[in-house]
$ cat query.tsv   # TSV, C-alpha atoms
chain	number	residue	atom	x	y	z
A	1293	MET	CA	6.84	-24.73	-5.55
A	1294	ASN	CA	8.81	-25.30	-8.75
A	1295	ASN	CA	11.94	-26.98	-9.98
A	1296	HIS	CA	13.78	-23.78	-10.92
A	1297	LYS	CA	16.99	-22.86	-9.15
A	1298	LYS	CA	16.58	-20.67	-6.09
A	1299	LEU	CA	16.93	-16.97	-6.72
A	1300	ARG	CA	18.84	-14.10	-5.15
A	1301	ILE	CA	16.48	-11.13	-5.14
A	1302	ALA	CA	17.35	-7.56	-4.13
A	1303	PHE	CA	14.49	-5.23	-3.22
A	1304	VAL	CA	15.48	-1.57	-3.29
A	1305	THR	CA	13.18	0.95	-1.63
A	1306	ASN	CA	13.20	4.50	-0.32
A	1307	ASN	CA	10.29	3.64	1.97
A	1308	TYR	CA	10.78	1.14	4.77
A	1309	THR	CA	10.56	1.02	8.56
A	1310	PRO	CA	10.00	3.11	10.65
A	1311	TYR	CA	7.43	3.91	7.95
A	1312	SER	CA	4.48	1.62	7.48
A	1313	GLY	CA	1.86	1.49	4.74
A	1314	GLY	CA	1.24	-0.32	1.50
A	1315	VAL	CA	4.78	-0.33	0.07
A	1316	VAL	CA	6.35	-1.63	3.27
A	1317	SER	CA	3.61	-4.26	3.68
A	1318	SER	CA	4.08	-5.39	0.09
A	1319	ILE	CA	7.85	-5.74	0.43
A	1320	ASN	CA	7.62	-7.63	3.71
A	1321	ALA	CA	4.89	-9.97	2.47
A	1322	PHE	CA	6.80	-10.83	-0.70
A	1323	ALA	CA	10.14	-11.16	1.11
A	1324	THR	CA	8.68	-13.54	3.70
A	1325	GLN	CA	7.11	-15.77	1.07
A	1326	LEU	CA	10.11	-15.74	-1.24
A	1327	MET	CA	12.45	-16.73	1.58
A	1328	ALA	CA	10.04	-19.46	2.69
A	1329	ARG	CA	10.44	-20.93	-0.80
A	1330	GLY	CA	14.22	-21.10	-0.37
A	1331	ASN	CA	15.14	-17.91	-2.21
A	1332	THR	CA	17.60	-15.39	-0.76
A	1333	VAL	CA	16.29	-11.85	-0.32
A	1334	LEU	CA	18.07	-8.58	0.44
A	1335	ILE	CA	16.25	-5.32	1.18
A	1336	ILE	CA	18.27	-2.15	0.52
A	1337	THR	CA	16.81	1.02	1.97
A	1338	LEU	CA	17.57	4.40	3.57
A	1339	ASP	CA	19.05	4.90	7.03
A	1340	PHE	CA	16.40	6.93	8.88
A	1341	LEU	CA	17.35	6.20	12.50
A	1342	GLY	CA	21.07	5.43	12.62
A	1343	ASP	CA	21.80	2.69	15.15
A	1344	LYS	CA	18.18	2.68	16.41
A	1345	HIS	CA	16.89	0.41	13.66
A	1346	GLU	CA	15.94	-3.12	14.68
A	1347	ASP	CA	16.36	-4.80	11.31
A	1348	PRO	CA	16.54	-8.47	10.41
A	1349	PRO	CA	19.87	-9.52	8.84
A	1350	TYR	CA	18.51	-9.32	5.29
A	1351	VAL	CA	17.95	-5.52	5.53
A	1352	VAL	CA	20.84	-3.20	4.63
A	1353	ARG	CA	20.74	0.57	5.15
A	1354	VAL	CA	22.64	2.95	2.86
A	1355	PRO	CA	24.58	5.43	5.06
A	1356	SER	CA	22.99	8.87	5.36
A	1357	LEU	CA	24.61	12.19	4.60
A	1358	PHE	CA	22.11	13.63	7.08
A	1359	ARG	CA	18.74	12.79	8.66
A	1360	CYS	CA	15.90	15.04	9.76
A	1361	MET	CA	12.16	15.26	10.36
A	1362	TYR	CA	9.76	17.07	8.00
A	1363	ASN	CA	6.02	17.21	8.78
A	1364	LYS	CA	6.58	14.45	11.35
A	1365	ASN	CA	8.11	12.23	8.67
A	1366	HIS	CA	11.64	10.82	8.77
A	1367	ILE	CA	13.85	12.12	5.97
A	1368	ALA	CA	17.20	10.63	5.02
A	1369	VAL	CA	19.59	11.85	2.34
A	1370	PRO	CA	21.93	9.01	1.31
A	1371	TRP	CA	25.70	9.42	1.20
A	1372	LEU	CA	27.14	8.52	-2.23
A	1373	PRO	CA	24.18	6.24	-3.09
A	1374	ASP	CA	25.49	5.09	-6.48
A	1375	ARG	CA	28.70	3.83	-4.91
A	1376	ALA	CA	26.95	2.33	-1.88
A	1377	VAL	CA	24.23	0.49	-3.80
A	1378	LEU	CA	26.71	-0.88	-6.35
A	1379	ARG	CA	28.97	-2.13	-3.54
A	1380	ILE	CA	26.06	-3.83	-1.76
A	1381	LEU	CA	24.69	-5.44	-4.90
A	1382	ARG	CA	28.09	-6.54	-6.15
A	1383	GLU	CA	28.65	-8.34	-2.85
A	1384	PHE	CA	25.13	-9.83	-2.84
A	1385	LYS	CA	25.27	-11.05	-6.47
A	1386	PRO	CA	21.54	-10.79	-7.27
A	1387	ASP	CA	19.76	-12.62	-10.06
A	1388	VAL	CA	17.23	-9.80	-10.25
A	1389	VAL	CA	16.81	-6.32	-8.77
A	1390	HIS	CA	13.33	-5.15	-7.82
A	1391	ALA	CA	12.96	-1.36	-7.50
A	1392	GLN	CA	10.01	0.01	-5.56
A	1393	HIS	CA	10.34	3.68	-6.59
A	1394	PRO	CA	11.60	5.66	-9.59
A	1395	PHE	CA	13.81	8.01	-7.53
A	1396	LEU	CA	16.82	8.15	-5.18
A	1397	LEU	CA	18.12	4.68	-4.26
A	1398	CYS	CA	16.22	3.07	-7.11
A	1399	GLU	CA	18.01	5.22	-9.69
A	1400	SER	CA	21.25	3.98	-8.15
A	1401	ALA	CA	19.87	0.44	-8.31
A	1402	TYR	CA	19.20	0.83	-12.03
A	1403	SER	CA	22.79	1.92	-12.67
A	1404	ALA	CA	24.12	-0.95	-10.56
A	1405	ALA	CA	21.92	-3.50	-12.34
A	1406	ARG	CA	23.27	-2.36	-15.67
A	1407	THR	CA	26.85	-2.53	-14.40
A	1408	LEU	CA	26.28	-6.05	-13.07
A	1409	SER	CA	24.26	-7.15	-16.13
A	1410	VAL	CA	21.18	-8.28	-14.22
A	1411	PRO	CA	17.55	-7.39	-14.98
A	1412	ILE	CA	15.66	-4.77	-13.00
A	1413	VAL	CA	11.90	-4.74	-12.45
A	1414	PHE	CA	9.96	-1.75	-11.11
A	1415	THR	CA	6.65	-1.77	-9.22
A	1416	TYR	CA	4.66	1.38	-9.99
A	1417	HIS	CA	3.19	1.80	-6.50
A	1418	SER	CA	1.91	5.38	-6.56
A	1419	MET	CA	0.53	8.16	-8.72
A	1420	TYR	CA	3.66	10.11	-7.91
A	1421	GLU	CA	2.60	13.50	-9.21
A	1422	ARG	CA	-0.34	13.46	-6.78
A	1423	TYR	CA	2.16	13.64	-3.93
A	1424	SER	CA	3.88	16.76	-5.29
A	1425	HIS	CA	2.58	18.89	-2.43
A	1426	TYR	CA	5.32	17.39	-0.25
A	1427	ILE	CA	7.78	19.47	-2.27
A	1428	PRO	CA	7.29	23.14	-1.27
A	1429	PHE	CA	7.73	24.67	-4.70
A	1430	TYR	CA	5.64	25.86	-7.67
A	1431	GLN	CA	3.30	22.91	-8.07
A	1432	PRO	CA	2.67	22.86	-11.85
A	1433	LEU	CA	6.42	22.73	-12.45
A	1434	VAL	CA	6.98	20.12	-9.72
A	1435	LYS	CA	4.28	17.87	-11.17
A	1436	LYS	CA	5.73	18.20	-14.67
A	1437	ILE	CA	9.22	17.29	-13.49
A	1438	ILE	CA	7.97	14.32	-11.46
A	1439	THR	CA	5.92	12.97	-14.36
A	1440	LYS	CA	8.86	13.29	-16.76
A	1441	LYS	CA	11.29	11.52	-14.41
A	1442	VAL	CA	8.86	8.68	-13.71
A	1443	ILE	CA	8.27	8.09	-17.42
A	1444	GLN	CA	12.01	8.12	-18.09
A	1445	PHE	CA	12.56	5.51	-15.39
A	1446	CYS	CA	9.73	3.35	-16.73
A	1447	ASN	CA	11.27	3.39	-20.17
A	1448	LYS	CA	14.67	2.29	-18.82
A	1449	VAL	CA	13.77	-0.70	-16.67
A	1450	ASP	CA	13.28	-4.24	-18.00
A	1451	HIS	CA	9.76	-4.81	-16.70
A	1452	ILE	CA	7.02	-2.91	-14.84
A	1453	ILE	CA	4.58	-4.33	-12.34
A	1454	ALA	CA	1.31	-2.41	-12.09
A	1455	PRO	CA	-0.68	-3.18	-8.91
A	1456	SER	CA	-3.96	-2.39	-10.68
A	1457	ARG	CA	-5.41	-2.24	-14.18
A	1458	MET	CA	-5.84	1.49	-13.82
A	1459	ILE	CA	-2.10	1.96	-13.31
A	1460	HIS	CA	-1.38	-0.35	-16.24
A	1461	ASN	CA	-3.61	1.75	-18.49
A	1462	TYR	CA	-2.19	5.00	-17.12
A	1463	VAL	CA	1.40	3.97	-17.81
A	1464	ARG	CA	0.54	2.82	-21.32
A	1465	ALA	CA	-1.18	6.16	-21.95
A	1466	GLN	CA	2.18	7.83	-21.23
A	1467	LYS	CA	3.62	6.01	-24.28
A	1468	VAL	CA	5.76	3.68	-22.14
A	1469	ALA	CA	6.64	0.60	-24.20
A	1470	THR	CA	8.36	-1.48	-21.48
A	1471	SER	CA	6.81	-4.90	-20.87
A	1472	MET	CA	4.29	-4.78	-18.04
A	1473	ASN	CA	1.76	-6.89	-16.17
A	1474	VAL	CA	-0.80	-6.39	-13.43
A	1475	LEU	CA	0.06	-7.99	-10.10
A	1476	PRO	CA	-1.45	-6.84	-6.79
A	1477	SER	CA	0.54	-6.85	-3.59
A	1478	PRO	CA	-0.11	-9.80	-1.29
A	1479	LEU	CA	-1.48	-9.73	2.22
A	1480	ARG	CA	0.57	-11.11	5.07
A	1481	ASN	CA	-0.52	-14.47	6.45
A	1482	GLN	CA	-1.86	-13.09	9.73
A	1483	PHE	CA	-4.71	-11.36	7.91
A	1484	PHE	CA	-6.02	-14.74	6.77
A	1485	LYS	CA	-6.22	-15.95	10.35
A	1486	ASN	CA	-8.40	-12.96	11.13
A	1487	GLN	CA	-11.91	-14.43	11.12
A	1488	VAL	CA	-15.14	-12.68	12.00
A	1489	ASP	CA	-15.63	-12.85	15.78
A	1490	SER	CA	-19.16	-13.63	16.91
A	1491	SER	CA	-18.55	-11.48	19.98
A	1492	CYS	CA	-18.42	-8.41	17.74
A	1493	PRO	CA	-21.81	-8.28	15.97
A	1494	TYR	CA	-23.74	-5.03	15.76
A	1495	ASP	CA	-27.20	-4.74	17.22
A	1496	LYS	CA	-28.11	-1.10	17.65
A	1497	LYS	CA	-24.84	0.33	16.37
A	1498	MET	CA	-23.01	-0.50	13.17
A	1499	LYS	CA	-19.24	-0.21	13.53
A	1500	LEU	CA	-17.63	1.81	10.74
A	1501	LEU	CA	-13.86	1.69	10.24
A	1502	LEU	CA	-11.16	3.56	8.34
A	1503	VAL	CA	-7.50	2.46	8.40
A	1504	SER	CA	-5.29	5.08	6.78
A	1505	ARG	CA	-2.21	7.21	7.02
A	1506	LEU	CA	-3.40	10.56	8.34
A	1507	VAL	CA	-2.15	12.69	5.47
A	1508	LYS	CA	-3.75	15.19	3.15
A	1509	GLU	CA	-4.06	12.97	0.08
A	1510	LYS	CA	-6.01	10.26	1.93
A	1511	ASN	CA	-9.09	12.51	2.14
A	1512	VAL	CA	-9.96	11.38	5.68
A	1513	GLU	CA	-12.21	14.37	6.33
A	1514	LEU	CA	-14.73	12.98	3.84
A	1515	VAL	CA	-15.42	10.01	6.12
A	1516	LEU	CA	-16.01	12.41	9.00
A	1517	ASP	CA	-18.41	14.39	6.82
A	1518	VAL	CA	-20.24	11.14	6.07
A	1519	PHE	CA	-20.46	10.21	9.73
A	1520	SER	CA	-21.79	13.65	10.64
A	1521	LYS	CA	-24.77	12.97	8.36
A	1522	LEU	CA	-25.59	9.62	9.97
A	1523	ASN	CA	-27.64	9.04	13.09
A	1524	ASN	CA	-24.87	8.56	15.65
A	1525	GLN	CA	-27.23	6.51	17.79
A	1526	LYS	CA	-27.00	3.83	15.11
A	1527	TYR	CA	-23.32	4.04	14.14
A	1528	SER	CA	-19.83	4.40	15.55
A	1529	LEU	CA	-16.65	5.30	13.67
A	1530	THR	CA	-13.06	4.27	14.39
A	1531	ILE	CA	-10.15	5.84	12.52
A	1532	VAL	CA	-6.91	3.86	12.75
A	1533	GLY	CA	-3.54	5.14	11.60
A	1534	TYR	CA	-1.03	7.88	12.14
A	1535	GLY	CA	0.48	10.82	10.27
A	1536	PRO	CA	1.21	14.55	10.30
A	1537	GLN	CA	-2.45	15.50	9.82
A	1538	GLU	CA	-3.60	13.77	13.01
A	1539	GLU	CA	-4.30	16.95	14.98
A	1540	VAL	CA	-5.89	18.66	11.97
A	1541	ILE	CA	-8.25	15.72	11.48
A	1542	ARG	CA	-9.08	15.50	15.18
A	1543	ASP	CA	-9.92	19.21	15.21
A	1544	TYR	CA	-12.07	18.77	12.14
A	1545	ALA	CA	-13.99	15.96	13.85
A	1546	TYR	CA	-14.42	17.38	17.32
A	1547	LYS	CA	-14.26	21.15	16.86
A	1548	LYS	CA	-15.62	21.89	13.38
A	1549	LEU	CA	-18.14	19.04	13.03
A	1550	LYS	CA	-18.82	18.83	16.80
A	1551	LEU	CA	-18.75	15.03	16.70
A	1552	ASP	CA	-18.88	13.15	19.99
A	1553	SER	CA	-15.56	11.57	21.05
A	1554	GLY	CA	-17.61	8.64	22.31
A	1555	GLN	CA	-18.88	8.00	18.79
A	1556	VAL	CA	-15.71	8.84	16.79
A	1557	THR	CA	-12.56	7.17	18.11
A	1558	PHE	CA	-8.96	7.51	16.96
A	1559	VAL	CA	-6.54	4.60	17.37
A	1560	ILE	CA	-2.98	5.76	16.67
A	1561	LYS	CA	-0.20	3.34	15.70
A	1562	PRO	CA	-1.86	0.18	17.01
A	1563	LEU	CA	0.02	-3.07	17.50
A	1564	ARG	CA	-0.64	-5.68	14.83
A	1565	GLN	CA	-3.07	-7.67	16.98
A	1566	GLU	CA	-5.10	-4.57	17.79
A	1567	LEU	CA	-5.28	-3.70	14.09
A	1568	LEU	CA	-6.53	-7.21	13.31
A	1569	GLU	CA	-9.19	-6.86	15.99
A	1570	GLN	CA	-10.33	-3.57	14.53
A	1571	TYR	CA	-10.81	-5.18	11.13
A	1572	ARG	CA	-12.54	-8.20	12.65
A	1573	CYS	CA	-15.00	-6.24	14.76
A	1574	ALA	CA	-15.92	-3.68	12.09
A	1575	ASP	CA	-19.12	-4.04	10.07
A	1576	LEU	CA	-18.15	-1.76	7.19
A	1577	PHE	CA	-14.85	-0.33	6.00
A	1578	LEU	CA	-15.05	3.17	4.53
A	1579	PHE	CA	-12.47	4.25	1.96
A	1580	PRO	CA	-12.26	7.92	0.89
A	1581	SER	CA	-8.92	8.07	-0.95
A	1582	THR	CA	-8.86	8.87	-4.66
A	1583	SER	CA	-5.04	8.68	-4.98
A	1584	ASP	CA	-4.28	5.08	-3.96
A	1585	THR	CA	-3.21	2.82	-6.79
A	1586	GLN	CA	-4.22	-0.35	-4.97
A	1587	GLY	CA	-5.53	0.29	-1.46
A	1588	LEU	CA	-4.12	-2.80	0.22
A	1589	VAL	CA	-6.17	-1.98	3.31
A	1590	LEU	CA	-9.25	-2.98	1.30
A	1591	ALA	CA	-7.94	-6.53	0.92
A	1592	GLU	CA	-6.93	-6.55	4.60
A	1593	SER	CA	-10.46	-5.57	5.55
A	1594	MET	CA	-12.03	-8.16	3.27
A	1595	ALA	CA	-9.81	-10.90	4.72
A	1596	ALA	CA	-11.63	-10.24	8.00
A	1597	GLY	CA	-14.98	-10.49	6.24
A	1598	THR	CA	-15.52	-6.73	6.43
A	1599	PRO	CA	-16.98	-5.31	3.20
A	1600	VAL	CA	-16.11	-1.88	1.80
A	1601	VAL	CA	-17.93	1.26	0.79
A	1602	ALA	CA	-15.45	3.36	-1.18
A	1603	ILE	CA	-15.36	6.64	-3.03
A	1604	ASP	CA	-14.44	5.91	-6.65
A	1605	GLY	CA	-10.72	5.89	-7.36
A	1606	PRO	CA	-7.95	3.87	-9.04
A	1607	GLY	CA	-7.10	1.62	-6.12
A	1608	GLN	CA	-10.61	0.33	-5.51
A	1609	ARG	CA	-11.86	-0.51	-8.99
A	1610	ASP	CA	-10.02	-3.83	-9.25
A	1611	ILE	CA	-11.13	-5.13	-5.87
A	1612	VAL	CA	-14.53	-3.64	-4.91
A	1613	LYS	CA	-17.40	-5.25	-6.82
A	1614	ASN	CA	-20.78	-3.60	-6.36
A	1615	GLY	CA	-23.21	-5.81	-4.49
A	1616	LYS	CA	-20.66	-8.61	-4.03
A	1617	ASN	CA	-18.10	-7.38	-1.50
A	1618	GLY	CA	-19.07	-3.74	-1.12
A	1619	PHE	CA	-19.93	-0.69	-3.19
A	1620	ILE	CA	-18.14	2.10	-5.04
A	1621	VAL	CA	-19.86	5.47	-4.80
A	1622	ASP	CA	-19.24	8.88	-6.33
A	1623	SER	CA	-19.87	11.23	-3.40
A	1624	ASP	CA	-20.20	11.49	0.35
A	1625	ALA	CA	-23.99	11.72	-0.06
A	1626	GLN	CA	-24.03	8.40	-1.93
A	1627	MET	CA	-21.80	6.86	0.74
A	1628	VAL	CA	-24.30	7.93	3.42
A	1629	LYS	CA	-27.19	6.34	1.52
A	1630	LYS	CA	-25.30	3.10	0.90
A	1631	ILE	CA	-24.31	2.75	4.57
A	1632	GLN	CA	-27.93	3.29	5.60
A	1633	GLU	CA	-29.11	0.73	3.07
A	1634	ILE	CA	-26.71	-1.91	4.39
A	1635	TYR	CA	-27.62	-1.09	7.99
A	1636	LEU	CA	-31.26	-1.84	7.27
A	1637	ASN	CA	-30.55	-5.06	5.37
A	1638	LYS	CA	-28.65	-7.67	7.39
A	1639	ASP	CA	-29.03	-10.22	4.59
A	1640	LEU	CA	-27.19	-7.83	2.27
A	1641	LEU	CA	-24.46	-7.36	4.88
A	1642	LYS	CA	-24.03	-11.13	5.18
A	1643	GLN	CA	-23.84	-11.44	1.38
A	1644	LEU	CA	-21.17	-8.73	1.25
A	1645	GLN	CA	-19.19	-10.40	4.05
A	1646	ASP	CA	-19.14	-13.71	2.19
A	1647	GLY	CA	-18.05	-11.95	-0.98
A	1648	ALA	CA	-15.29	-10.13	0.88
A	1649	TYR	CA	-13.79	-13.43	2.07
A	1650	LYS	CA	-13.78	-14.81	-1.46
A	1651	THR	CA	-12.15	-11.68	-2.87
A	1652	ALA	CA	-9.40	-11.64	-0.23
A	1653	ALA	CA	-8.35	-15.17	-1.22
A	1654	GLN	CA	-6.97	-13.69	-4.47
A	1655	TYR	CA	-4.48	-11.72	-2.34
A	1656	ALA	CA	-3.19	-14.72	-0.39
A	1657	PRO	CA	0.60	-14.44	-0.18
A	1658	ASP	CA	1.34	-17.84	-1.70
A	1659	VAL	CA	-0.95	-17.13	-4.68
A	1660	VAL	CA	0.53	-13.71	-5.50
A	1661	THR	CA	4.13	-14.67	-4.73
A	1662	ASP	CA	3.92	-17.64	-7.10
A	1663	LYS	CA	3.06	-15.20	-9.89
A	1664	LEU	CA	5.92	-12.88	-8.92
A	1665	GLU	CA	8.42	-15.73	-8.79
A	1666	GLN	CA	7.38	-16.95	-12.23
A	1667	LEU	CA	7.74	-13.41	-13.53
A	1668	TYR	CA	11.31	-13.27	-12.18
A	1669	TYR	CA	12.26	-16.53	-13.91
A	1670	LYS	CA	10.81	-15.38	-17.21
A	1671	LEU	CA	12.54	-12.00	-16.96
A	1672	ILE	CA	15.90	-13.54	-16.07
A	1673	SER	CA	15.62	-16.01	-18.96
A	1674	SER	CA	14.72	-13.35	-21.54
A	1675	PHE	CA	17.44	-11.02	-20.24
A	1676	ALA	CA	20.07	-13.76	-20.63
A	1677	GLN	CA	19.07	-14.23	-24.28
A	1678	ARG	CA	19.68	-10.60	-25.27

$ encode --input "query.tsv" --output "structure tokens"
Amino acid sequence: MNNHKKLRIAFVTNNYTPYSGGVVSSINAFATQLMARGNTVLIITLDFLGDKHEDPPYVVRVPSLFRCMYNKNHIAVPWLPDRAVLRILREFKPDVVHAQHPFLLCESAYSAARTLSVPIVFTYHSMYERYSHYIPFYQPLVKKIITKKVIQFCNKVDHIIAPSRMIHNYVRAQKVATSMNVLPSPLRNQFFKNQVDSSCPYDKKMKLLLVSRLVKEKNVELVLDVFSKLNNQKYSLTIVGYGPQEEVIRDYAYKKLKLDSGQVTFVIKPLRQELLEQYRCADLFLFPSTSDTQGLVLAESMAAGTPVVAIDGPGQRDIVKNGKNGFIVDSDAQMVKKIQEIYLNKDLLKQLQDGAYKTAAQYAPDVVTDKLEQLYYKLISSFAQR
């Protein structure tokens, strides 16, 4: 806690419930901690479900021009977003606006922040051009347009938060001069109550786990390829998540690779307690994505004492430390070998579990939120002196 005045903080995001995932988890974890410290938080987002949302009072939905489904995802097009966001923020009177994306509502938030003379900070959550395949158009052009718009937004805002060093370096390489720091997203408190359960040890079978959205860019099939090369009498695999590629991935597992449904299990949209149990009872977490900028699921897994074997990528380099809390590998063949090595060495597994706990402590919500709150105060002070 500190002696500063309490803040009024507006989060603006295009991605919120009914979606889940890293951005939503980050917003909720920060909002909970900030409000627990006496600050006032407002979350402004899109209206995906009309009157079917079950939002807390601090969530406001911008009215939709229309809503639809695309690839099993909710899509909402806001009605007059500039006017709506300015009206909401003018009524809320924020000390700082925190944008979670460089598009749509967050562009409106930037304009509103300038009108109201308050600072705006932007968290660079994703490598946006790597998601260009969601736009059914000529991909080289789409990627070029996305990259240009993101850089323009970065150059306009007052501060950028990079969730990993890789993103920090990437943004700087784009000649963005805006002040920036590295700050990972926090875990929610329930993950730190998620201790290893002695009723879940492996004897003959090591439990492998992947928690992921089931979408193309998450590279889930690689984990299935890895499992197909392991002795399934010694291992089991659980894939937890949901997404438009669910049936494609199931077919890949059961029809193409001929994997046994008794050895490879899918858990779709689990309740929070079931997700915590999956983390707690797993022996190793496998991470195949090369597009994640942070991979918050890695910290979630480590909070349960479950170490990680990950394909190399931007989201894992800050958190996975070889031989301490897991391993980073370069291929599915290397992942197979590393899993087998850990299976045969229970002392190594115990060492990695202990290291995972210690790493997860860095993502404790009070620790990370304290850094964010201090950043807000510094930004507000410097903005007032312009």

$ closest_residue --input "query.tsv" --among "A:Gln1626, A:Ser1409, A:Ser1456, A:Asn1461" --to "A:Arg1609" --atoms "only C-alpha atoms"
A:Ser1456

$ closest_residue --input "query.tsv" --among "A:Phe1484, A:Tyr1527, A:Tyr1534, A:Phe1675" --to "A:Gly1597" --atoms "all atoms listed in the file"
A:Phe1484

$ closest_residue --input "query.tsv" --among "A:Thr1598, A:Pro1310, A:Ala1469, A:Gly1342" --to "A:Lys1364" --atoms "only C-alpha atoms"
A:Pro1310

$ residues_around --input "query.tsv" --residues "A:Val1532" --least-positions-apart "5" --cutoff "8 Å" --atoms "all atoms listed in the file" --output "ChimeraX atom specification"
/A:1501-1504,1558-1562,1567

$ write_last_selection --input "query.tsv" --atoms "C-alpha atoms" --output "tab-separated table (two decimals), keeping the file's coordinate frame"
chain	number	residue	atom	x	y	z
A	1501	LEU	CA	-13.86	1.69	10.24
A	1502	LEU	CA	-11.16	3.56	8.34
A	1503	VAL	CA	-7.50	2.46	8.40
A	1504	SER	CA	-5.29	5.08	6.78
A	1558	PHE	CA	-8.96	7.51	16.96
A	1559	VAL	CA	-6.54	4.60	17.37
A	1560	ILE	CA	-2.98	5.76	16.67
A	1561	LYS	CA	-0.20	3.34	15.70
A	1562	PRO	CA	-1.86	0.18	17.01
A	1567	LEU	CA	-5.28	-3.70	14.09

$ atom_distance --input "query.tsv" --atom1 "atom CA of A:Ser1520" --atom2 "atom CA of A:Leu1563"
28.3 Å

$ atom_distance --input "query.tsv" --atom1 "atom CA of A:Ser1471" --atom2 "atom CA of A:Ala1302"
20.0 Å

$ closest_residue --input "query.tsv" --among "A:Ala1368, A:Lys1467, A:Leu1590, A:Thr1415" --to "A:Lys1440" --atoms "all atoms listed in the file"
A:Lys1467

$ closest_residue --input "query.tsv" --among "A:Tyr1635, A:Phe1384, A:Phe1303, A:Phe1579" --to "A:Asn1523" --atoms "only C-alpha atoms"
A:Tyr1635
